[in-house]
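> Structure: query_35.txt, compact mmCIF, all heavy atoms.
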```txt
# COMPACT_ATOMS: atom_id res chain seq x y z
N MET A 18 9.56 9.84 -11.75
CA MET A 18 10.53 9.95 -10.68
C MET A 18 9.76 10.04 -9.37
O MET A 18 8.80 10.78 -9.26
CB MET A 18 11.39 11.20 -10.89
CG MET A 18 12.30 11.46 -9.74
SD MET A 18 13.55 12.77 -9.98
CE MET A 18 12.62 14.12 -10.59
N ILE A 19 10.17 9.25 -8.42
CA ILE A 19 9.59 9.30 -7.08
C ILE A 19 10.73 9.58 -6.12
O ILE A 19 11.79 8.96 -6.19
CB ILE A 19 8.90 7.98 -6.72
CG1 ILE A 19 7.75 7.71 -7.69
CG2 ILE A 19 8.41 8.00 -5.28
CD1 ILE A 19 7.11 6.35 -7.51
N ASP A 20 10.51 10.53 -5.22
CA ASP A 20 11.56 10.89 -4.28
C ASP A 20 10.93 11.26 -2.95
O ASP A 20 9.74 11.58 -2.89
CB ASP A 20 12.37 12.06 -4.83
CG ASP A 20 13.81 12.04 -4.39
OD1 ASP A 20 14.12 11.36 -3.39
OD2 ASP A 20 14.63 12.68 -5.05
N THR A 21 11.70 11.21 -1.90
CA THR A 21 11.24 11.63 -0.58
C THR A 21 12.30 12.51 0.06
O THR A 21 13.48 12.40 -0.26
CB THR A 21 10.97 10.43 0.35
OG1 THR A 21 12.18 9.69 0.52
CG2 THR A 21 9.89 9.53 -0.20
N TRP A 22 11.87 13.37 0.97
CA TRP A 22 12.77 14.27 1.68
C TRP A 22 12.41 14.25 3.15
O TRP A 22 11.26 14.03 3.52
CB TRP A 22 12.64 15.70 1.14
CG TRP A 22 13.01 15.80 -0.30
CD1 TRP A 22 14.25 16.09 -0.80
CD2 TRP A 22 12.17 15.58 -1.44
NE1 TRP A 22 14.22 16.07 -2.16
CE2 TRP A 22 12.96 15.76 -2.60
CE3 TRP A 22 10.84 15.25 -1.61
CZ2 TRP A 22 12.46 15.63 -3.88
CZ3 TRP A 22 10.34 15.12 -2.89
CH2 TRP A 22 11.16 15.31 -4.01
N GLU A 23 13.39 14.52 3.97
CA GLU A 23 13.19 14.53 5.42
C GLU A 23 12.44 15.77 5.91
O GLU A 23 11.80 15.73 6.95
CB GLU A 23 14.53 14.45 6.14
CG GLU A 23 15.21 13.11 5.99
CD GLU A 23 14.47 11.99 6.72
OE1 GLU A 23 13.94 12.24 7.82
OE2 GLU A 23 14.42 10.89 6.17
N SER A 24 12.53 16.86 5.16
CA SER A 24 11.93 18.12 5.62
C SER A 24 11.69 19.03 4.43
O SER A 24 12.20 18.79 3.33
CB SER A 24 12.87 18.82 6.61
OG SER A 24 14.07 19.19 5.94
N GLN A 25 10.95 20.08 4.66
CA GLN A 25 10.73 21.08 3.61
C GLN A 25 12.04 21.73 3.22
O GLN A 25 12.29 22.02 2.05
CB GLN A 25 9.72 22.14 4.08
CG GLN A 25 9.40 23.18 3.01
CD GLN A 25 8.72 22.58 1.79
OE1 GLN A 25 7.78 21.82 1.91
NE2 GLN A 25 9.19 22.93 0.59
N GLU A 26 12.93 21.94 4.19
CA GLU A 26 14.22 22.54 3.90
C GLU A 26 15.04 21.65 2.96
O GLU A 26 15.70 22.15 2.04
CB GLU A 26 15.00 22.80 5.20
CG GLU A 26 14.40 23.87 6.08
CD GLU A 26 13.19 23.40 6.90
OE1 GLU A 26 13.01 22.18 7.08
OE2 GLU A 26 12.42 24.26 7.34
N ALA A 27 14.98 20.34 3.17
CA ALA A 27 15.70 19.41 2.29
C ALA A 27 15.11 19.43 0.88
O ALA A 27 15.84 19.38 -0.11
CB ALA A 27 15.66 17.99 2.87
N LEU A 28 13.79 19.52 0.79
CA LEU A 28 13.13 19.62 -0.52
C LEU A 28 13.54 20.90 -1.23
O LEU A 28 13.88 20.89 -2.41
CB LEU A 28 11.62 19.56 -0.34
CG LEU A 28 10.76 19.81 -1.58
CD1 LEU A 28 11.05 18.79 -2.66
CD2 LEU A 28 9.30 19.80 -1.20
N ASP A 29 13.56 22.01 -0.50
CA ASP A 29 13.96 23.29 -1.09
C ASP A 29 15.41 23.23 -1.59
O ASP A 29 15.71 23.73 -2.68
CB ASP A 29 13.81 24.42 -0.07
CG ASP A 29 12.36 24.68 0.31
OD1 ASP A 29 11.45 24.26 -0.45
OD2 ASP A 29 12.13 25.28 1.37
N ALA A 30 16.29 22.61 -0.82
CA ALA A 30 17.69 22.49 -1.24
C ALA A 30 17.80 21.63 -2.50
O ALA A 30 18.58 21.93 -3.41
CB ALA A 30 18.52 21.88 -0.11
N ASP A 31 17.01 20.58 -2.58
CA ASP A 31 17.01 19.72 -3.77
C ASP A 31 16.55 20.51 -4.99
O ASP A 31 17.13 20.41 -6.07
CB ASP A 31 16.12 18.51 -3.55
CG ASP A 31 16.23 17.49 -4.67
OD1 ASP A 31 17.36 17.16 -5.08
OD2 ASP A 31 15.18 17.03 -5.14
N HIS A 32 15.52 21.32 -4.83
CA HIS A 32 15.02 22.13 -5.95
C HIS A 32 16.05 23.15 -6.42
O HIS A 32 16.03 23.55 -7.58
CB HIS A 32 13.72 22.84 -5.56
CG HIS A 32 12.55 21.92 -5.57
ND1 HIS A 32 11.34 22.27 -5.02
CD2 HIS A 32 12.38 20.66 -6.04
CE1 HIS A 32 10.49 21.28 -5.16
NE2 HIS A 32 11.09 20.28 -5.78
N ASP A 33 16.96 23.54 -5.54
CA ASP A 33 17.99 24.51 -5.90
C ASP A 33 19.27 23.84 -6.41
O ASP A 33 20.26 24.52 -6.67
CB ASP A 33 18.34 25.39 -4.69
CG ASP A 33 17.22 26.35 -4.35
OD1 ASP A 33 16.42 26.68 -5.25
OD2 ASP A 33 17.14 26.77 -3.17
N SER A 34 19.25 22.52 -6.56
CA SER A 34 20.46 21.79 -6.94
C SER A 34 20.73 21.88 -8.45
O SER A 34 19.82 22.13 -9.25
CB SER A 34 20.32 20.32 -6.55
OG SER A 34 19.39 19.66 -7.38
N PRO A 35 21.98 21.66 -8.85
CA PRO A 35 22.32 21.65 -10.28
C PRO A 35 21.55 20.58 -11.06
O PRO A 35 21.17 20.79 -12.20
CB PRO A 35 23.82 21.34 -10.29
CG PRO A 35 24.32 21.80 -8.97
CD PRO A 35 23.18 21.55 -8.01
N MET A 36 21.28 19.43 -10.41
CA MET A 36 20.53 18.37 -11.08
C MET A 36 19.13 18.85 -11.47
O MET A 36 18.66 18.61 -12.58
CB MET A 36 20.40 17.15 -10.17
CG MET A 36 19.55 16.04 -10.79
SD MET A 36 19.05 14.76 -9.64
CE MET A 36 17.86 15.64 -8.63
N MET A 37 18.46 19.56 -10.57
CA MET A 37 17.11 20.04 -10.87
C MET A 37 17.16 21.13 -11.95
O MET A 37 16.25 21.22 -12.77
CB MET A 37 16.42 20.55 -9.61
CG MET A 37 16.09 19.44 -8.63
SD MET A 37 15.05 18.13 -9.33
CE MET A 37 13.47 18.95 -9.37
N ALA A 38 18.20 21.92 -11.97
CA ALA A 38 18.35 22.92 -13.04
C ALA A 38 18.49 22.22 -14.39
O ALA A 38 17.90 22.66 -15.38
CB ALA A 38 19.56 23.81 -12.76
N GLU A 39 19.24 21.12 -14.41
CA GLU A 39 19.39 20.35 -15.65
C GLU A 39 18.06 19.72 -16.07
O GLU A 39 17.71 19.73 -17.25
CB GLU A 39 20.46 19.27 -15.47
CG GLU A 39 20.81 18.55 -16.73
CD GLU A 39 21.46 19.44 -17.78
OE1 GLU A 39 22.09 20.45 -17.44
OE2 GLU A 39 21.32 19.12 -18.97
N LEU A 40 17.31 19.21 -15.11
CA LEU A 40 16.00 18.65 -15.43
C LEU A 40 15.07 19.73 -16.00
O LEU A 40 14.30 19.47 -16.94
CB LEU A 40 15.36 18.02 -14.20
CG LEU A 40 15.92 16.67 -13.78
CD1 LEU A 40 15.29 16.22 -12.46
CD2 LEU A 40 15.68 15.62 -14.85
N ALA A 41 15.13 20.91 -15.46
CA ALA A 41 14.30 22.01 -15.96
C ALA A 41 14.66 22.32 -17.42
O ALA A 41 13.77 22.56 -18.25
CB ALA A 41 14.47 23.25 -15.09
N LYS A 42 15.95 22.31 -17.75
CA LYS A 42 16.36 22.54 -19.14
C LYS A 42 15.83 21.45 -20.06
O LYS A 42 15.36 21.74 -21.17
CB LYS A 42 17.89 22.58 -19.24
CG LYS A 42 18.53 23.79 -18.64
CD LYS A 42 20.04 23.67 -18.78
CE LYS A 42 20.77 24.68 -17.94
NZ LYS A 42 22.23 24.47 -18.00
N LEU A 43 15.91 20.21 -19.62
CA LEU A 43 15.41 19.10 -20.44
C LEU A 43 13.90 19.16 -20.62
O LEU A 43 13.39 18.85 -21.70
CB LEU A 43 15.81 17.76 -19.81
CG LEU A 43 17.30 17.46 -19.85
CD1 LEU A 43 17.61 16.23 -19.01
CD2 LEU A 43 17.79 17.27 -21.27
N ARG A 44 13.18 19.57 -19.58
CA ARG A 44 11.72 19.72 -19.71
C ARG A 44 11.40 20.75 -20.77
O ARG A 44 10.48 20.55 -21.58
CB ARG A 44 11.10 20.12 -18.37
CG ARG A 44 10.99 18.98 -17.40
CD ARG A 44 10.05 19.28 -16.24
NE ARG A 44 10.12 20.62 -15.72
CZ ARG A 44 10.83 20.98 -14.66
NH1 ARG A 44 11.54 20.10 -13.99
NH2 ARG A 44 10.83 22.22 -14.24
N GLU A 45 12.13 21.85 -20.78
CA GLU A 45 11.90 22.88 -21.80
C GLU A 45 12.28 22.37 -23.19
O GLU A 45 11.53 22.53 -24.14
CB GLU A 45 12.69 24.14 -21.46
CG GLU A 45 12.14 24.93 -20.30
CD GLU A 45 10.73 25.43 -20.57
OE1 GLU A 45 10.45 25.92 -21.68
OE2 GLU A 45 9.89 25.33 -19.65
N LYS A 46 13.44 21.76 -23.30
CA LYS A 46 13.94 21.30 -24.60
C LYS A 46 12.99 20.30 -25.25
O LYS A 46 12.73 20.37 -26.45
CB LYS A 46 15.32 20.67 -24.41
CG LYS A 46 15.93 20.15 -25.70
CD LYS A 46 17.31 19.58 -25.47
CE LYS A 46 17.92 19.06 -26.76
NZ LYS A 46 19.28 18.56 -26.55
N TYR A 47 12.47 19.37 -24.47
CA TYR A 47 11.63 18.31 -25.01
C TYR A 47 10.14 18.49 -24.70
O TYR A 47 9.34 17.59 -24.95
CB TYR A 47 12.10 16.95 -24.48
CG TYR A 47 13.49 16.61 -24.95
CD1 TYR A 47 14.57 16.68 -24.09
CD2 TYR A 47 13.72 16.24 -26.27
CE1 TYR A 47 15.85 16.38 -24.51
CE2 TYR A 47 15.00 15.94 -26.70
CZ TYR A 47 16.06 16.00 -25.82
OH TYR A 47 17.32 15.71 -26.27
N ASN A 48 9.77 19.66 -24.18
CA ASN A 48 8.38 19.97 -23.86
C ASN A 48 7.77 18.89 -22.98
O ASN A 48 6.67 18.39 -23.24
CB ASN A 48 7.55 20.17 -25.13
CG ASN A 48 6.21 20.80 -24.82
OD1 ASN A 48 6.04 21.54 -23.85
ND2 ASN A 48 5.22 20.49 -25.65
N LEU A 49 8.51 18.49 -21.95
CA LEU A 49 8.04 17.44 -21.04
C LEU A 49 7.17 18.05 -19.95
O LEU A 49 7.36 19.19 -19.54
CB LEU A 49 9.23 16.74 -20.40
CG LEU A 49 10.20 16.06 -21.37
CD1 LEU A 49 11.41 15.52 -20.62
CD2 LEU A 49 9.50 14.96 -22.14
N HIS A 50 6.22 17.27 -19.50
CA HIS A 50 5.31 17.72 -18.45
C HIS A 50 5.47 16.80 -17.25
O HIS A 50 5.78 15.62 -17.40
CB HIS A 50 3.86 17.68 -18.94
CG HIS A 50 3.65 18.53 -20.14
ND1 HIS A 50 3.31 19.86 -20.04
CD2 HIS A 50 3.76 18.27 -21.46
CE1 HIS A 50 3.21 20.37 -21.27
NE2 HIS A 50 3.49 19.42 -22.14
N MET A 51 5.28 17.33 -16.08
CA MET A 51 5.35 16.52 -14.88
C MET A 51 4.25 16.92 -13.91
O MET A 51 3.68 18.01 -14.02
CB MET A 51 6.72 16.59 -14.21
CG MET A 51 7.32 17.93 -14.07
SD MET A 51 9.04 17.92 -13.51
CE MET A 51 8.95 17.20 -11.92
N ARG A 52 3.97 16.01 -13.03
CA ARG A 52 2.95 16.25 -12.01
C ARG A 52 3.62 15.98 -10.66
O ARG A 52 4.40 15.04 -10.53
CB ARG A 52 1.78 15.30 -12.22
CG ARG A 52 0.65 15.52 -11.26
CD ARG A 52 -0.47 14.53 -11.48
NE ARG A 52 -0.11 13.28 -10.79
CZ ARG A 52 -0.33 12.07 -11.28
NH1 ARG A 52 -0.86 11.91 -12.45
NH2 ARG A 52 0.01 11.01 -10.59
N ALA A 53 3.31 16.79 -9.70
CA ALA A 53 3.85 16.59 -8.35
C ALA A 53 2.69 16.33 -7.40
O ALA A 53 1.64 16.97 -7.50
CB ALA A 53 4.64 17.81 -7.90
N GLU A 54 2.90 15.39 -6.51
CA GLU A 54 1.93 15.11 -5.46
C GLU A 54 2.67 15.09 -4.14
O GLU A 54 3.79 14.61 -4.07
CB GLU A 54 1.26 13.75 -5.70
CG GLU A 54 0.43 13.72 -6.95
CD GLU A 54 -0.26 12.38 -7.15
OE1 GLU A 54 -0.51 11.67 -6.15
OE2 GLU A 54 -0.53 12.04 -8.31
N ARG A 55 2.07 15.61 -3.13
CA ARG A 55 2.69 15.64 -1.82
C ARG A 55 1.91 14.72 -0.89
O ARG A 55 0.70 14.79 -0.81
CB ARG A 55 2.67 17.06 -1.25
CG ARG A 55 3.37 17.16 0.08
CD ARG A 55 3.47 18.58 0.52
NE ARG A 55 4.38 19.27 -0.40
CZ ARG A 55 5.27 20.16 -0.01
NH1 ARG A 55 5.37 20.48 1.24
NH2 ARG A 55 6.05 20.74 -0.89
N PHE A 56 2.65 13.85 -0.24
CA PHE A 56 2.06 12.94 0.72
C PHE A 56 2.63 13.25 2.10
O PHE A 56 3.83 13.37 2.26
CB PHE A 56 2.38 11.49 0.36
CG PHE A 56 1.77 11.08 -0.95
CD1 PHE A 56 2.48 11.19 -2.13
CD2 PHE A 56 0.47 10.60 -1.00
CE1 PHE A 56 1.93 10.82 -3.34
CE2 PHE A 56 -0.10 10.23 -2.20
CZ PHE A 56 0.62 10.34 -3.38
N ILE A 57 1.75 13.35 3.06
CA ILE A 57 2.16 13.59 4.43
C ILE A 57 2.02 12.25 5.17
O ILE A 57 0.92 11.71 5.26
CB ILE A 57 1.28 14.66 5.11
CG1 ILE A 57 1.24 15.93 4.28
CG2 ILE A 57 1.74 14.92 6.54
CD1 ILE A 57 2.57 16.63 4.10
N PRO A 58 3.13 11.70 5.68
CA PRO A 58 3.03 10.42 6.37
C PRO A 58 2.20 10.53 7.64
O PRO A 58 2.19 11.57 8.30
CB PRO A 58 4.48 10.05 6.69
CG PRO A 58 5.23 11.32 6.61
CD PRO A 58 4.48 12.23 5.69
N GLU A 59 1.51 9.47 7.94
CA GLU A 59 0.75 9.43 9.18
C GLU A 59 1.01 8.09 9.85
O GLU A 59 1.41 7.12 9.21
CB GLU A 59 -0.74 9.63 8.93
CG GLU A 59 -1.36 8.55 8.08
CD GLU A 59 -2.85 8.78 7.83
OE1 GLU A 59 -3.23 9.89 7.44
OE2 GLU A 59 -3.60 7.82 8.03
N GLU A 60 0.79 8.04 11.12
CA GLU A 60 0.98 6.80 11.86
C GLU A 60 -0.12 5.82 11.47
O GLU A 60 -1.29 6.18 11.41
CB GLU A 60 0.94 7.06 13.36
CG GLU A 60 2.13 7.84 13.87
CD GLU A 60 3.44 7.09 13.68
OE1 GLU A 60 3.48 5.87 13.91
OE2 GLU A 60 4.42 7.74 13.29
N LEU A 61 0.29 4.60 11.19
CA LEU A 61 -0.68 3.57 10.86
C LEU A 61 -1.16 2.88 12.12
O LEU A 61 -0.42 2.75 13.09
CB LEU A 61 -0.03 2.53 9.94
CG LEU A 61 0.39 3.02 8.56
CD1 LEU A 61 1.15 1.92 7.84
CD2 LEU A 61 -0.81 3.45 7.75
N PRO A 62 -2.39 2.39 12.09
CA PRO A 62 -2.87 1.62 13.25
C PRO A 62 -2.01 0.36 13.43
O PRO A 62 -1.51 -0.20 12.46
CB PRO A 62 -4.30 1.24 12.86
CG PRO A 62 -4.67 2.16 11.74
CD PRO A 62 -3.39 2.55 11.06
N ASP A 63 -1.83 -0.07 14.66
CA ASP A 63 -1.01 -1.25 14.95
C ASP A 63 -1.47 -2.47 14.16
O ASP A 63 -0.66 -3.29 13.76
CB ASP A 63 -1.02 -1.55 16.45
CG ASP A 63 -0.17 -0.57 17.23
OD1 ASP A 63 0.75 0.03 16.63
OD2 ASP A 63 -0.42 -0.42 18.44
N LYS A 64 -2.77 -2.60 13.94
CA LYS A 64 -3.27 -3.79 13.23
C LYS A 64 -2.73 -3.86 11.80
O LYS A 64 -2.66 -4.94 11.23
CB LYS A 64 -4.80 -3.82 13.22
CG LYS A 64 -5.43 -2.69 12.43
CD LYS A 64 -6.95 -2.76 12.50
CE LYS A 64 -7.54 -1.64 11.68
NZ LYS A 64 -8.98 -1.70 11.66
N ASP A 65 -2.30 -2.73 11.22
CA ASP A 65 -1.73 -2.74 9.86
C ASP A 65 -0.32 -3.28 9.83
O ASP A 65 0.16 -3.70 8.78
CB ASP A 65 -1.75 -1.33 9.26
CG ASP A 65 -3.16 -0.86 8.91
OD1 ASP A 65 -4.08 -1.69 8.93
OD2 ASP A 65 -3.33 0.33 8.64
N ASN A 66 0.37 -3.27 10.95
CA ASN A 66 1.77 -3.70 10.99
C ASN A 66 1.96 -5.15 10.56
O ASN A 66 3.01 -5.51 10.04
CB ASN A 66 2.38 -3.48 12.37
CG ASN A 66 2.65 -2.01 12.62
OD1 ASN A 66 2.98 -1.27 11.69
ND2 ASN A 66 2.51 -1.60 13.85
N LYS A 67 0.95 -6.00 10.75
CA LYS A 67 1.11 -7.40 10.36
C LYS A 67 1.20 -7.57 8.84
O LYS A 67 1.67 -8.58 8.34
CB LYS A 67 -0.02 -8.26 10.93
CG LYS A 67 -1.38 -7.99 10.34
CD LYS A 67 -2.42 -8.88 11.00
CE LYS A 67 -3.81 -8.54 10.48
NZ LYS A 67 -4.82 -9.36 11.13
N PHE A 68 0.81 -6.55 8.08
CA PHE A 68 0.86 -6.60 6.63
C PHE A 68 2.13 -5.97 6.05
O PHE A 68 2.40 -6.08 4.87
CB PHE A 68 -0.35 -5.90 6.01
CG PHE A 68 -1.66 -6.54 6.40
CD1 PHE A 68 -2.48 -5.97 7.34
CD2 PHE A 68 -2.03 -7.76 5.84
CE1 PHE A 68 -3.67 -6.55 7.70
CE2 PHE A 68 -3.22 -8.35 6.19
CZ PHE A 68 -4.05 -7.76 7.13
N LEU A 69 2.90 -5.29 6.90
CA LEU A 69 4.05 -4.53 6.44
C LEU A 69 5.36 -5.23 6.80
O LEU A 69 5.49 -5.77 7.90
CB LEU A 69 4.05 -3.13 7.05
CG LEU A 69 2.78 -2.31 6.78
CD1 LEU A 69 2.84 -1.03 7.57
CD2 LEU A 69 2.61 -2.06 5.30
N ARG A 70 6.28 -5.23 5.89
CA ARG A 70 7.61 -5.78 6.15
C ARG A 70 8.57 -4.60 6.16
O ARG A 70 8.65 -3.84 5.19
CB ARG A 70 7.99 -6.76 5.05
CG ARG A 70 9.28 -7.47 5.33
CD ARG A 70 9.57 -8.49 4.28
NE ARG A 70 8.54 -9.52 4.30
CZ ARG A 70 8.34 -10.39 3.33
NH1 ARG A 70 9.10 -10.38 2.26
NH2 ARG A 70 7.39 -11.30 3.41
N LYS A 71 9.32 -4.43 7.23
CA LYS A 71 10.23 -3.29 7.35
C LYS A 71 11.66 -3.72 7.22
O LYS A 71 12.03 -4.82 7.44
CB LYS A 71 10.01 -2.58 8.68
CG LYS A 71 8.63 -1.99 8.77
CD LYS A 71 8.44 -1.28 10.07
CE LYS A 71 7.01 -0.74 10.14
NZ LYS A 71 6.75 0.03 11.28
```
Write the structure described by the file as structure tokens, please.


Amino acid sequence: MIDTWESQEALDADHDSPMMAELAKLREKYNLHMRAERFIPEELPDKDNKFLRK
């Protein structure tokens, strides 16, 4: 699963959601493991824009 949030507050609200509680139950039931990585966006140099389609 890949997801993005606008702010830490939005991430915290997502973690407190019923959906995440259900995912936590399923992880326990099926002994599933997950890894989380946090990426902080940064401004790209203008020269990179020619490679990106928005």

> When distances are computed from only C-alpha atoms, which of A:His50, A:Lys71, A:Arg55, A:Arg44 shows the smallest separation from Asp20 (chain A)?

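Under the stated criterion, the closest residue is A:Arg55.
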
> Quick one, how far is CA of Gln25 (chain A) from CA of Ala38 (chain A)?

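Computing the Euclidean distance for CA of Gln25 (chain A) and CA of Ala38 (chain A) yields 18.4 Å.
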
> Edge lengths and centre in Å to one decimal, as lines of an AutoDock Vina configuration file, is what I'm after for the box along x, y and z that holds all listed atoms of region 31-34 of chain A once 3 Å is added on each side.


```
center_x = 15.6
center_y = 21.9
center_z = -5.9
size_x = 16.2
size_y = 15.7
size_z = 12.7
```

> Would you work out the distance separating CH2 of Trp22 (chain A) from CA of Glu54 (chain A), expressed in Å to one decimal?

9.3 Å
